[in-house]
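Asker: Here you go, work14.txt (compact mmCIF, C-alpha atoms):
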# COMPACT_ATOMS: atom_id res chain seq x y z
CA MET A 1 1.21 -44.13 -39.22
CA SER A 2 0.04 -41.26 -41.39
CA ASN A 3 -2.96 -40.81 -39.10
CA HIS A 4 -0.65 -40.59 -36.12
CA ASP A 5 1.42 -37.88 -37.82
CA ASN A 6 -1.68 -35.78 -38.48
CA THR A 7 -2.71 -35.54 -34.83
CA PRO A 8 -2.58 -32.01 -33.38
CA LEU A 9 0.01 -33.10 -30.82
CA SER A 10 2.53 -34.29 -33.39
CA SER A 11 2.13 -31.14 -35.50
CA ALA A 12 2.61 -29.04 -32.37
CA HIS A 13 5.79 -30.96 -31.67
CA HIS A 14 7.11 -30.20 -35.18
CA GLU A 15 6.20 -26.53 -34.87
CA GLU A 16 8.16 -26.35 -31.65
CA GLU A 17 11.20 -27.90 -33.34
CA ASP A 18 10.99 -25.42 -36.21
CA THR A 19 10.73 -22.35 -33.98
CA PRO A 20 14.03 -20.44 -34.16
CA ALA A 21 15.68 -19.49 -30.88
CA VAL A 22 15.44 -15.82 -29.86
CA SER A 23 18.68 -14.51 -31.28
CA SER A 24 18.97 -11.53 -28.94
CA SER A 25 18.92 -13.73 -25.78
CA LYS A 26 22.28 -14.74 -24.42
CA ALA A 27 23.82 -16.29 -21.32
CA GLY A 28 25.78 -13.74 -19.30
CA PHE A 29 26.59 -13.39 -15.60
CA LEU A 30 22.96 -12.55 -14.70
CA PRO A 31 21.04 -15.55 -13.31
CA ILE A 32 18.19 -15.17 -15.85
CA GLU A 33 18.00 -15.22 -19.64
CA THR A 34 17.92 -11.64 -20.90
CA ASN A 35 17.89 -9.64 -24.11
CA TRP A 36 19.46 -6.17 -24.47
CA PHE A 37 16.24 -4.39 -23.44
CA ASP A 38 16.01 -6.46 -20.21
CA ARG A 39 19.59 -5.53 -19.40
CA LEU A 40 18.90 -1.85 -20.13
CA PHE A 41 15.87 -2.05 -17.83
CA ILE A 42 17.96 -3.66 -15.06
CA SER A 43 20.57 -0.91 -15.49
CA VAL A 44 17.95 1.85 -15.16
CA VAL A 45 16.46 0.19 -12.07
CA ILE A 46 19.93 -0.01 -10.49
CA TRP A 47 20.69 3.60 -11.49
CA VAL A 48 17.53 4.94 -9.78
CA ALA A 49 18.06 2.81 -6.65
CA LEU A 50 21.71 3.82 -6.40
CA SER A 51 20.84 7.51 -6.84
CA LEU A 52 18.17 7.41 -4.12
CA LEU A 53 20.47 5.56 -1.71
CA TRP A 54 23.26 8.04 -2.55
CA PHE A 55 20.97 11.00 -1.77
CA ARG A 56 20.02 9.42 1.54
CA PHE A 57 23.34 8.14 2.87
CA ILE A 58 26.37 9.31 0.86
CA GLU A 59 25.61 12.84 -0.34
CA PRO A 60 25.22 14.25 3.22
CA MET A 61 28.89 13.22 3.71
CA GLY A 62 29.88 15.55 0.86
CA LEU A 63 30.24 13.20 -2.14
CA SER A 64 28.53 14.49 -5.29
CA ILE A 65 25.67 12.61 -7.00
CA TRP A 66 27.75 12.64 -10.21
CA ILE A 67 29.98 9.94 -8.69
CA SER A 68 26.88 7.78 -8.29
CA ASN A 69 25.91 8.51 -11.89
CA ALA A 70 29.38 7.52 -13.09
CA ILE A 71 29.22 4.26 -11.12
CA ALA A 72 25.72 3.58 -12.50
CA LEU A 73 26.91 4.26 -16.04
CA ALA A 74 29.86 1.89 -15.63
CA LEU A 75 27.54 -0.76 -14.21
CA ALA A 76 25.11 -0.21 -17.10
CA VAL A 77 27.87 -0.73 -19.67
CA LEU A 78 28.98 -3.90 -17.85
CA ILE A 79 25.44 -5.29 -17.52
CA ILE A 80 24.41 -4.49 -21.11
CA SER A 81 27.60 -5.89 -22.63
CA LYS A 82 28.25 -8.91 -20.39
CA GLY A 83 24.98 -9.52 -18.49
CA MET B 1 3.95 -5.96 -47.15
CA GLN B 2 0.30 -5.10 -47.83
CA SER B 3 -0.89 -6.95 -44.71
CA ASN B 4 1.90 -5.36 -42.68
CA ARG B 5 0.73 -1.87 -43.65
CA LEU B 6 -2.91 -2.81 -42.99
CA GLY B 7 -1.86 -4.09 -39.56
CA TRP B 8 -0.21 -0.78 -38.68
CA ILE B 9 -3.24 1.16 -39.97
CA LEU B 10 -5.56 -0.93 -37.81
CA LEU B 11 -3.26 -0.56 -34.81
CA ALA B 12 -2.79 3.20 -35.27
CA PRO B 13 -5.88 4.39 -33.31
CA THR B 14 -4.96 2.18 -30.33
CA LEU B 15 -1.34 3.30 -30.44
CA ALA B 16 -2.40 6.94 -30.68
CA ILE B 17 -4.73 6.59 -27.69
CA LEU B 18 -1.99 4.79 -25.72
CA PHE B 19 0.49 7.52 -26.61
CA PHE B 20 -1.76 10.47 -25.75
CA PHE B 21 -3.34 9.00 -22.61
CA GLY B 22 -0.49 6.78 -21.35
CA VAL B 23 2.96 7.70 -22.59
CA LEU B 24 2.55 11.49 -22.85
CA PRO B 25 1.10 11.98 -19.32
CA PHE B 26 3.88 9.75 -17.94
CA ILE B 27 6.57 11.86 -19.65
CA TYR B 28 4.83 15.00 -18.36
CA VAL B 29 4.76 13.68 -14.77
CA VAL B 30 8.48 12.84 -14.98
CA TYR B 31 9.10 16.36 -16.36
CA VAL B 32 7.07 17.99 -13.56
CA SER B 33 8.86 15.87 -10.94
CA PHE B 34 12.05 17.85 -11.64
CA HIS B 35 10.30 21.16 -10.96
CA GLN B 36 8.94 23.12 -8.07
CA TRP B 37 5.40 23.92 -9.12
CA ASN B 38 2.47 25.25 -7.19
CA PRO B 39 0.02 26.68 -9.76
CA PHE B 40 -2.01 28.40 -7.03
CA ALA B 41 0.94 30.14 -5.35
CA ALA B 42 1.99 33.78 -5.84
CA ASP B 43 4.40 32.56 -8.52
CA PRO B 44 2.46 29.95 -10.49
CA HIS B 45 5.32 29.12 -12.89
CA MET B 46 7.29 25.89 -12.94
CA ILE B 47 10.78 26.35 -11.55
CA PHE B 48 13.35 23.74 -12.52
CA ASN B 49 15.06 22.48 -9.37
CA GLY B 50 17.06 19.54 -10.69
CA ALA B 51 16.92 16.52 -8.41
CA ASP B 52 15.96 18.51 -5.28
CA ASN B 53 12.54 16.86 -5.05
CA PHE B 54 14.26 13.45 -5.08
CA ARG B 55 16.72 14.68 -2.43
CA LYS B 56 13.76 15.76 -0.32
CA ILE B 57 11.81 12.55 -0.76
CA VAL B 58 14.45 10.25 0.76
CA PHE B 59 14.31 12.27 3.99
CA ASP B 60 10.52 12.72 4.01
CA ALA B 61 9.45 10.77 7.12
CA GLU B 62 5.75 10.94 6.17
CA PHE B 63 6.45 9.46 2.73
CA LEU B 64 8.74 6.72 4.09
CA ASN B 65 6.11 5.86 6.70
CA SER B 66 3.43 5.71 4.00
CA VAL B 67 5.59 3.34 1.93
CA GLY B 68 6.01 1.08 4.98
CA VAL B 69 2.28 1.08 5.72
CA THR B 70 1.48 0.38 2.05
CA VAL B 71 3.94 -2.53 1.82
CA LEU B 72 2.42 -4.04 4.98
CA PHE B 73 -1.08 -3.58 3.57
CA VAL B 74 -0.13 -5.10 0.20
CA LEU B 75 1.52 -8.12 1.83
CA PHE B 76 -1.42 -8.90 4.11
CA ALA B 77 -4.13 -8.15 1.54
CA VAL B 78 -2.64 -9.86 -1.53
CA ILE B 79 -1.51 -13.02 0.30
CA SER B 80 -4.89 -13.35 2.04
CA GLU B 81 -6.76 -12.79 -1.22
CA LEU B 82 -4.64 -15.42 -2.94
CA VAL B 83 -5.24 -18.01 -0.22
CA VAL B 84 -8.97 -17.32 0.20
CA GLY B 85 -9.38 -17.00 -3.59
CA TYR B 86 -7.74 -20.38 -4.18
CA ILE B 87 -9.88 -22.09 -1.51
CA LEU B 88 -13.04 -20.60 -3.04
CA ALA B 89 -11.92 -21.53 -6.58
CA GLN B 90 -11.41 -25.13 -5.47
CA ALA B 91 -14.84 -25.06 -3.81
CA PHE B 92 -16.43 -23.78 -7.02
CA MET B 93 -14.80 -26.63 -8.97
CA LYS B 94 -17.07 -29.03 -7.07
CA GLU B 95 -20.84 -29.35 -7.41
CA PHE B 96 -23.01 -28.34 -4.45
CA PRO B 97 -26.61 -27.12 -4.02
CA GLY B 98 -27.05 -23.38 -4.70
CA LYS B 99 -23.63 -23.11 -6.37
CA ALA B 100 -24.85 -20.71 -9.11
CA ILE B 101 -26.51 -18.34 -6.61
CA PHE B 102 -23.52 -18.42 -4.28
CA ARG B 103 -21.14 -17.73 -7.17
CA THR B 104 -23.23 -14.72 -8.26
CA ILE B 105 -23.44 -13.29 -4.75
CA HIS B 106 -19.73 -13.91 -4.24
CA THR B 107 -18.93 -11.90 -7.41
CA LEU B 108 -21.12 -8.91 -6.51
CA PRO B 109 -18.43 -6.86 -4.64
CA LEU B 110 -16.42 -6.77 -7.87
CA ILE B 111 -18.99 -4.61 -9.64
CA MET B 112 -19.05 -2.00 -6.87
CA ALA B 113 -17.04 1.20 -7.27
CA PRO B 114 -14.31 1.51 -4.61
CA ILE B 115 -15.75 4.80 -3.33
CA ILE B 116 -19.09 3.03 -2.70
CA VAL B 117 -17.29 0.17 -0.95
CA GLY B 118 -15.54 2.72 1.27
CA SER B 119 -18.77 4.53 2.16
CA VAL B 120 -20.67 1.27 2.85
CA TRP B 121 -17.89 0.06 5.14
CA LYS B 122 -17.78 3.44 6.84
CA LEU B 123 -21.48 3.10 7.61
CA MET B 124 -20.93 -0.44 8.89
CA MET B 125 -17.93 0.57 11.03
CA THR B 126 -19.15 3.86 12.57
CA PRO B 127 -19.32 3.11 16.33
CA SER B 128 -22.73 4.62 17.08
CA ILE B 129 -24.67 3.28 14.07
CA GLY B 130 -22.49 0.58 12.50
CA ILE B 131 -23.60 -3.05 12.57
CA ILE B 132 -20.07 -4.49 13.03
CA PRO B 133 -19.02 -2.56 16.19
CA HIS B 134 -22.52 -3.14 17.60
CA TYR B 135 -22.45 -6.94 17.29
CA LEU B 136 -18.76 -7.22 18.20
CA ASN B 137 -19.61 -5.41 21.43
CA GLU B 138 -22.82 -7.33 22.08
CA TRP B 139 -21.51 -10.83 21.33
CA PHE B 140 -17.85 -10.66 22.32
CA GLY B 141 -17.59 -7.50 24.45
CA ILE B 142 -15.05 -6.03 22.00
CA THR B 143 -15.10 -2.28 21.45
CA VAL B 144 -13.97 -1.29 17.97
CA ASN B 145 -13.47 2.30 16.89
CA ILE B 146 -11.62 2.87 13.62
CA GLY B 147 -11.50 6.59 14.39
CA THR B 148 -9.25 6.13 17.42
CA SER B 149 -7.56 2.72 17.05
CA PRO B 150 -4.81 2.48 14.39
CA VAL B 151 -4.84 -1.34 14.52
CA ALA B 152 -8.63 -1.49 14.07
CA ALA B 153 -8.49 0.97 11.15
CA PHE B 154 -5.66 -0.91 9.42
CA THR B 155 -7.28 -4.31 9.97
CA THR B 156 -10.64 -3.05 8.71
CA ILE B 157 -9.05 -1.77 5.50
CA ILE B 158 -7.37 -5.12 4.90
CA ILE B 159 -10.65 -7.00 5.49
CA MET B 160 -12.49 -4.55 3.22
CA ASP B 161 -9.92 -5.06 0.47
CA ILE B 162 -10.11 -8.85 0.83
CA TRP B 163 -13.91 -8.68 0.65
CA HIS B 164 -13.79 -6.45 -2.40
CA TRP B 165 -11.09 -8.14 -4.48
CA THR B 166 -11.05 -11.84 -3.56
CA PRO B 167 -13.76 -12.59 -6.21
CA LEU B 168 -11.36 -11.38 -8.91
CA VAL B 169 -8.69 -13.80 -7.68
CA THR B 170 -11.27 -16.59 -7.47
CA LEU B 171 -12.47 -16.03 -11.03
CA THR B 172 -8.93 -15.99 -12.42
CA LEU B 173 -7.96 -19.13 -10.53
CA ILE B 174 -11.17 -20.91 -11.58
CA ALA B 175 -10.24 -20.16 -15.21
CA ALA B 176 -6.74 -21.54 -14.57
CA LEU B 177 -7.99 -24.67 -12.75
CA VAL B 178 -10.64 -25.44 -15.40
CA SER B 179 -8.03 -25.34 -18.15
CA LEU B 180 -5.75 -27.88 -16.43
CA PRO B 181 -5.55 -31.22 -18.30
CA PRO B 182 -6.72 -34.20 -16.20
CA ASP B 183 -3.94 -36.58 -17.36
CA PRO B 184 -1.10 -35.49 -15.02
CA PHE B 185 -3.44 -35.72 -12.02
CA GLU B 186 -4.65 -39.21 -12.98
CA GLN B 187 -1.10 -40.37 -13.60
CA ALA B 188 0.06 -38.96 -10.26
CA GLN B 189 -2.81 -40.74 -8.46
CA ILE B 190 -1.93 -44.02 -10.20
CA ASP B 191 1.70 -43.53 -9.09
CA GLY B 192 0.49 -43.15 -5.51
CA ALA B 193 1.01 -39.40 -5.01
CA ASN B 194 -0.92 -37.92 -2.10
CA LYS B 195 -2.96 -34.67 -2.24
CA ARG B 196 -0.13 -32.54 -0.86
CA GLN B 197 2.34 -33.87 -3.45
CA ILE B 198 -0.18 -33.34 -6.26
CA PHE B 199 -0.82 -29.78 -5.07
CA PHE B 200 2.84 -28.75 -4.78
CA HIS B 201 4.28 -30.68 -7.75
CA ILE B 202 1.46 -30.51 -10.30
CA THR B 203 -1.22 -27.93 -9.49
CA VAL B 204 1.04 -25.07 -8.32
CA PRO B 205 3.54 -25.26 -11.23
CA MET B 206 0.73 -25.51 -13.76
CA ILE B 207 -1.26 -22.55 -12.44
CA ALA B 208 1.84 -20.46 -11.62
CA PRO B 209 1.49 -18.13 -14.67
CA ALA B 210 -2.16 -17.40 -13.77
CA VAL B 211 -1.20 -16.85 -10.11
CA VAL B 212 1.60 -14.45 -11.08
CA ALA B 213 -0.71 -12.53 -13.44
CA THR B 214 -3.32 -12.26 -10.68
CA VAL B 215 -0.73 -11.12 -8.14
CA PHE B 216 0.53 -8.52 -10.66
CA ILE B 217 -2.98 -7.09 -11.02
CA ARG B 218 -3.67 -7.09 -7.30
CA LEU B 219 -0.22 -5.77 -6.40
CA MET B 220 -0.57 -2.82 -8.78
CA ASP B 221 -4.12 -2.12 -7.60
CA ALA B 222 -3.26 -2.40 -3.92
CA LEU B 223 -0.23 -0.10 -4.26
CA ARG B 224 -2.43 2.68 -5.61
CA THR B 225 -5.40 2.24 -3.28
CA VAL B 226 -6.88 5.65 -2.49
CA ASP B 227 -10.64 6.01 -2.71
CA GLU B 228 -11.72 3.22 -0.36
CA VAL B 229 -9.22 4.31 2.28
CA TRP B 230 -9.96 8.00 1.79
CA MET B 231 -13.67 7.30 2.29
CA LEU B 232 -13.23 4.97 5.28
CA THR B 233 -10.48 6.56 7.38
CA GLY B 234 -9.10 9.52 5.42
CA GLY B 235 -5.61 8.11 6.11
CA GLY B 236 -6.04 8.18 9.90
CA PRO B 237 -6.04 7.83 12.81
CA GLY B 238 -2.73 9.67 12.76
CA SER B 239 -0.91 8.19 9.80
CA ALA B 240 -1.91 4.57 10.45
CA THR B 241 -3.67 4.15 7.09
CA ARG B 242 -1.92 6.89 5.15
CA PHE B 243 -0.99 4.75 2.13
CA VAL B 244 1.17 6.23 -0.63
CA GLY B 245 -1.90 6.94 -2.79
CA VAL B 246 -3.48 8.90 0.04
CA HIS B 247 -0.16 10.64 0.69
CA ILE B 248 0.06 11.75 -2.97
CA PHE B 249 -3.56 12.92 -2.86
CA LYS B 250 -2.89 15.02 0.25
CA GLU B 251 0.29 16.45 -1.24
CA VAL B 252 -1.25 17.34 -4.61
CA PHE B 253 -4.79 18.49 -3.79
CA PRO B 254 -4.93 20.21 -0.37
CA LYS B 255 -1.32 21.46 -0.56
CA THR B 256 -1.38 21.94 -4.39
CA ASN B 257 2.27 20.90 -4.43
CA TYR B 258 2.27 19.47 -7.95
CA GLY B 259 6.04 19.18 -8.40
CA TYR B 260 6.69 17.18 -5.25
CA GLY B 261 3.48 15.17 -5.75
CA SER B 262 4.74 14.15 -9.19
CA THR B 263 8.06 13.09 -7.67
CA ILE B 264 6.25 10.82 -5.21
CA SER B 265 4.16 9.40 -8.08
CA VAL B 266 7.29 8.61 -10.10
CA ILE B 267 8.93 6.89 -7.13
CA VAL B 268 5.77 4.86 -6.41
CA LEU B 269 5.62 3.82 -10.07
CA TYR B 270 9.29 2.82 -9.85
CA LEU B 271 8.63 0.73 -6.72
CA THR B 272 5.61 -0.91 -8.37
CA ILE B 273 7.56 -1.83 -11.50
CA VAL B 274 10.47 -3.19 -9.44
CA ALA B 275 8.12 -5.26 -7.24
CA CYS B 276 6.39 -6.76 -10.30
CA TRP B 277 9.68 -7.41 -12.05
CA LEU B 278 11.15 -9.15 -8.97
CA LEU B 279 8.03 -11.30 -8.78
CA TYR B 280 8.37 -12.20 -12.46
CA VAL B 281 12.07 -13.03 -12.07
CA THR B 282 11.41 -15.19 -8.99
CA MET B 283 8.44 -17.08 -10.39
CA LEU B 284 8.62 -17.24 -14.18
CA ALA B 285 11.79 -15.93 -15.80
CA PRO B 286 13.81 -18.64 -17.59
CA ARG B 287 17.11 -19.36 -15.79
CA ASN B 288 20.46 -18.96 -17.45
CA LYS B 289 22.13 -22.19 -18.51
CA LYS B 290 25.74 -21.81 -17.49
CA ASP B 291 26.99 -24.94 -19.30
Would you mind writing the file out in structure tokens?
Answerer:
Amino acid sequence: MSNHDNTPLSSAHHEEEDTPAVSSSKAGFLPIETNWFDRLFISVVIWVALSLLWFRFIEPMGLSIWISNAIALALAVLIISKG
Amino acid sequence: MQSNRLGWILLAPTLAILFFFGVLPFIYVVYVSFHQWNPFAADPHMIFNGADNFRKIVFDAEFLNSVGVTVLFVLFAVISELVVGYILAQAFMKEFPGKAIFRTIHTLPLIMAPIIVGSVWKLMMTPSIGIIPHYLNEWFGITVNIGTSPVAAFTTIIIMDIWHWTPLVTLTLIAALVSLPPDPFEQAQIDGANKRQIFFHITVPMIAPAVVATVFIRLMDALRTVDEVWMLTGGGPGSATRFVGVHIFKEVFPKTNYGYGSTISVIVLYLTIVACWLLYVTMLAPRNKKD
């Protein structure tokens, strides 16, 4: 029995059990597991995409880019806090 | 504490190099992208113009066309390289006469500089002296001229890229396949699984991280392809092979439009990061457990 416990596989199993879960990860409304940096990254990606789309389609109609920035900021707060 | 400090001291040169040659130039390019700057114009100073370059870029038909052409090129090239690379990797897993020689020859394109690859292919594709148009015409009656046919130029670049970079994919996939444990395959065979089931339910999931890493490398490389294309077609005929890298080159060097060129670079970097991130999310990212 002691021999069995000393095999690399069994020690690997114990190591896995002892590994603490990543504390910063949490389950939010996003479909993937994220930490705060992931959510910040997603927010920046959305901000850039929204700004470019705004420049292309909305700004020519007379709406300022600052509205897009405000929307992006609100989305960022939502994603970082609840994503 | 002592080992922690030693670790930072040992890491410091690498971090410094990364900062000065990676982070700092990136910050500078982002800074320049918000300016109008032509250092060879009558007024060589940088003029801050807010987001005007970004306003311009979304209406720039040449840039949007170059993005479309690049995406098409990346899709065709990377998928073909993955498929051919996997087939070759599987072939190299088996023993056959002359395997070592074939593997060496197969890896040779990898050690060639892209500019050399471009010039060699240009020689091979030039209608009057090139071996490929000559034999295509003699054997099949097909006339190929990459100087006048957009389809021929685009196809040639894809084939050239596959020829150049498939060995990299093969080597990575060989490494992944060699490291697979035999037990799951034996168990699946005992359970009566056929080759297709073994491939889709055992091989693919087990080599997925290696495949994703390979696709990352190839995706990033393919999105910034310049030298081969510049050498072979110069972005032509018309704008058929004007990939984003070539577009940036033309904007920055002949036109010396550094501000707008930086804006295009930042947007291309953004698109590259988003493409890689989407690939990671689709293939590898752990799913959220709702319950």
Asker: Taking only C-alpha atoms into account, which of A:Leu40, A:Ile71, A:Ile79, A:Val48 comes nearest chain B?
Answerer: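 Closest to chain B, using only C-alpha atoms: A:Val48.
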Asker: Could you write out as a list in words the residues of chain A within 10 Å of chain B, counting all atoms listed in the file?
Answerer: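 On the chain A side, the interface is Ser25, Lys26, Ala27, Gly28, Phe29, Leu30, Pro31, Ile32, Glu33, Thr34, Ile42, Val45, Val48, Ala49, Ser51, Leu52, Leu53, Trp54, Phe55, Arg56, Phe57, Glu59 and Ile65 of chain A.
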Asker: Emit as AutoDock Vina command-line options the padded axis-aligned box for all listed atoms of region 55-61 of chain A, 5 Å per side, with centre and edge lengths in Å to one decimal.
Answerer:
--center_x 24.5 --center_y 11.2 --center_z 1.0 --size_x 18.9 --size_y 16.1 --size_z 15.5
Asker: Considering only C-alpha atoms, can you say which of B:Pro150, B:Pro181, B:Leu88, B:Met206 comes closest to Leu168 (chain B)?
Answerer: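 For Leu168 (chain B), the nearest of the given residues is B:Leu88.
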Asker: With distances taken over only C-alpha atoms, which residue among B:Val120, B:Ile115, B:Val244, B:Ala89 lies nearest Leu64 (chain B)?
Answerer: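 Nearest candidate to Leu64 (chain B) out of B:Val120, B:Ile115, B:Val244, B:Ala89: B:Val244.
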Asker: Give me region 254-273 of chain B with N, CA and C atoms filled in, as a short mmCIF file (atom, residue, chain, number, x, y, z; two decimals), in the frame of the given file.
Answerer:
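Saved file result.cif follows:
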data_model
loop_
_atom_site.label_atom_id
_atom_site.label_comp_id
_atom_site.auth_asym_id
_atom_site.auth_seq_id
_atom_site.Cartn_x
_atom_site.Cartn_y
_atom_site.Cartn_z
N PRO B 254 -4.84 19.13 -1.38
CA PRO B 254 -4.93 20.21 -0.37
C PRO B 254 -3.72 21.15 -0.40
N LYS B 255 -2.51 20.60 -0.59
CA LYS B 255 -1.32 21.46 -0.56
C LYS B 255 -0.98 22.06 -1.93
N THR B 256 -1.62 21.54 -2.98
CA THR B 256 -1.38 21.94 -4.39
C THR B 256 0.12 21.97 -4.74
N ASN B 257 0.83 21.00 -4.18
CA ASN B 257 2.27 20.90 -4.43
C ASN B 257 2.49 19.92 -5.58
N TYR B 258 2.28 20.37 -6.80
CA TYR B 258 2.27 19.47 -7.95
C TYR B 258 3.65 18.87 -8.25
N GLY B 259 4.68 19.66 -8.09
CA GLY B 259 6.04 19.18 -8.40
C GLY B 259 6.42 18.01 -7.51
N TYR B 260 6.30 18.22 -6.19
CA TYR B 260 6.69 17.18 -5.25
C TYR B 260 5.74 15.97 -5.34
N GLY B 261 4.46 16.25 -5.58
CA GLY B 261 3.48 15.17 -5.75
C GLY B 261 3.85 14.28 -6.94
N SER B 262 4.32 14.92 -8.02
CA SER B 262 4.74 14.15 -9.19
C SER B 262 5.97 13.29 -8.86
N THR B 263 6.87 13.85 -8.07
CA THR B 263 8.06 13.09 -7.67
C THR B 263 7.65 11.83 -6.90
N ILE B 264 6.72 11.99 -5.97
CA ILE B 264 6.25 10.82 -5.21
C ILE B 264 5.61 9.81 -6.16
N SER B 265 4.82 10.31 -7.11
CA SER B 265 4.16 9.40 -8.08
C SER B 265 5.19 8.61 -8.87
N VAL B 266 6.26 9.29 -9.31
CA VAL B 266 7.29 8.61 -10.10
C VAL B 266 7.98 7.53 -9.25
N ILE B 267 8.26 7.86 -8.00
CA ILE B 267 8.93 6.89 -7.13
C ILE B 267 8.01 5.69 -6.85
N VAL B 268 6.72 5.96 -6.66
CA VAL B 268 5.77 4.86 -6.41
C VAL B 268 5.66 3.97 -7.66
N LEU B 269 5.64 4.60 -8.83
CA LEU B 269 5.62 3.82 -10.07
C LEU B 269 6.88 2.96 -10.17
N TYR B 270 8.01 3.55 -9.83
CA TYR B 270 9.29 2.82 -9.85
C TYR B 270 9.22 1.60 -8.91
N LEU B 271 8.72 1.83 -7.69
CA LEU B 271 8.63 0.73 -6.72
C LEU B 271 7.68 -0.36 -7.22
N THR B 272 6.58 0.06 -7.85
CA THR B 272 5.61 -0.91 -8.37
C THR B 272 6.24 -1.76 -9.47
N ILE B 273 6.93 -1.10 -10.39
CA ILE B 273 7.56 -1.83 -11.50
C ILE B 273 8.62 -2.80 -10.96
#
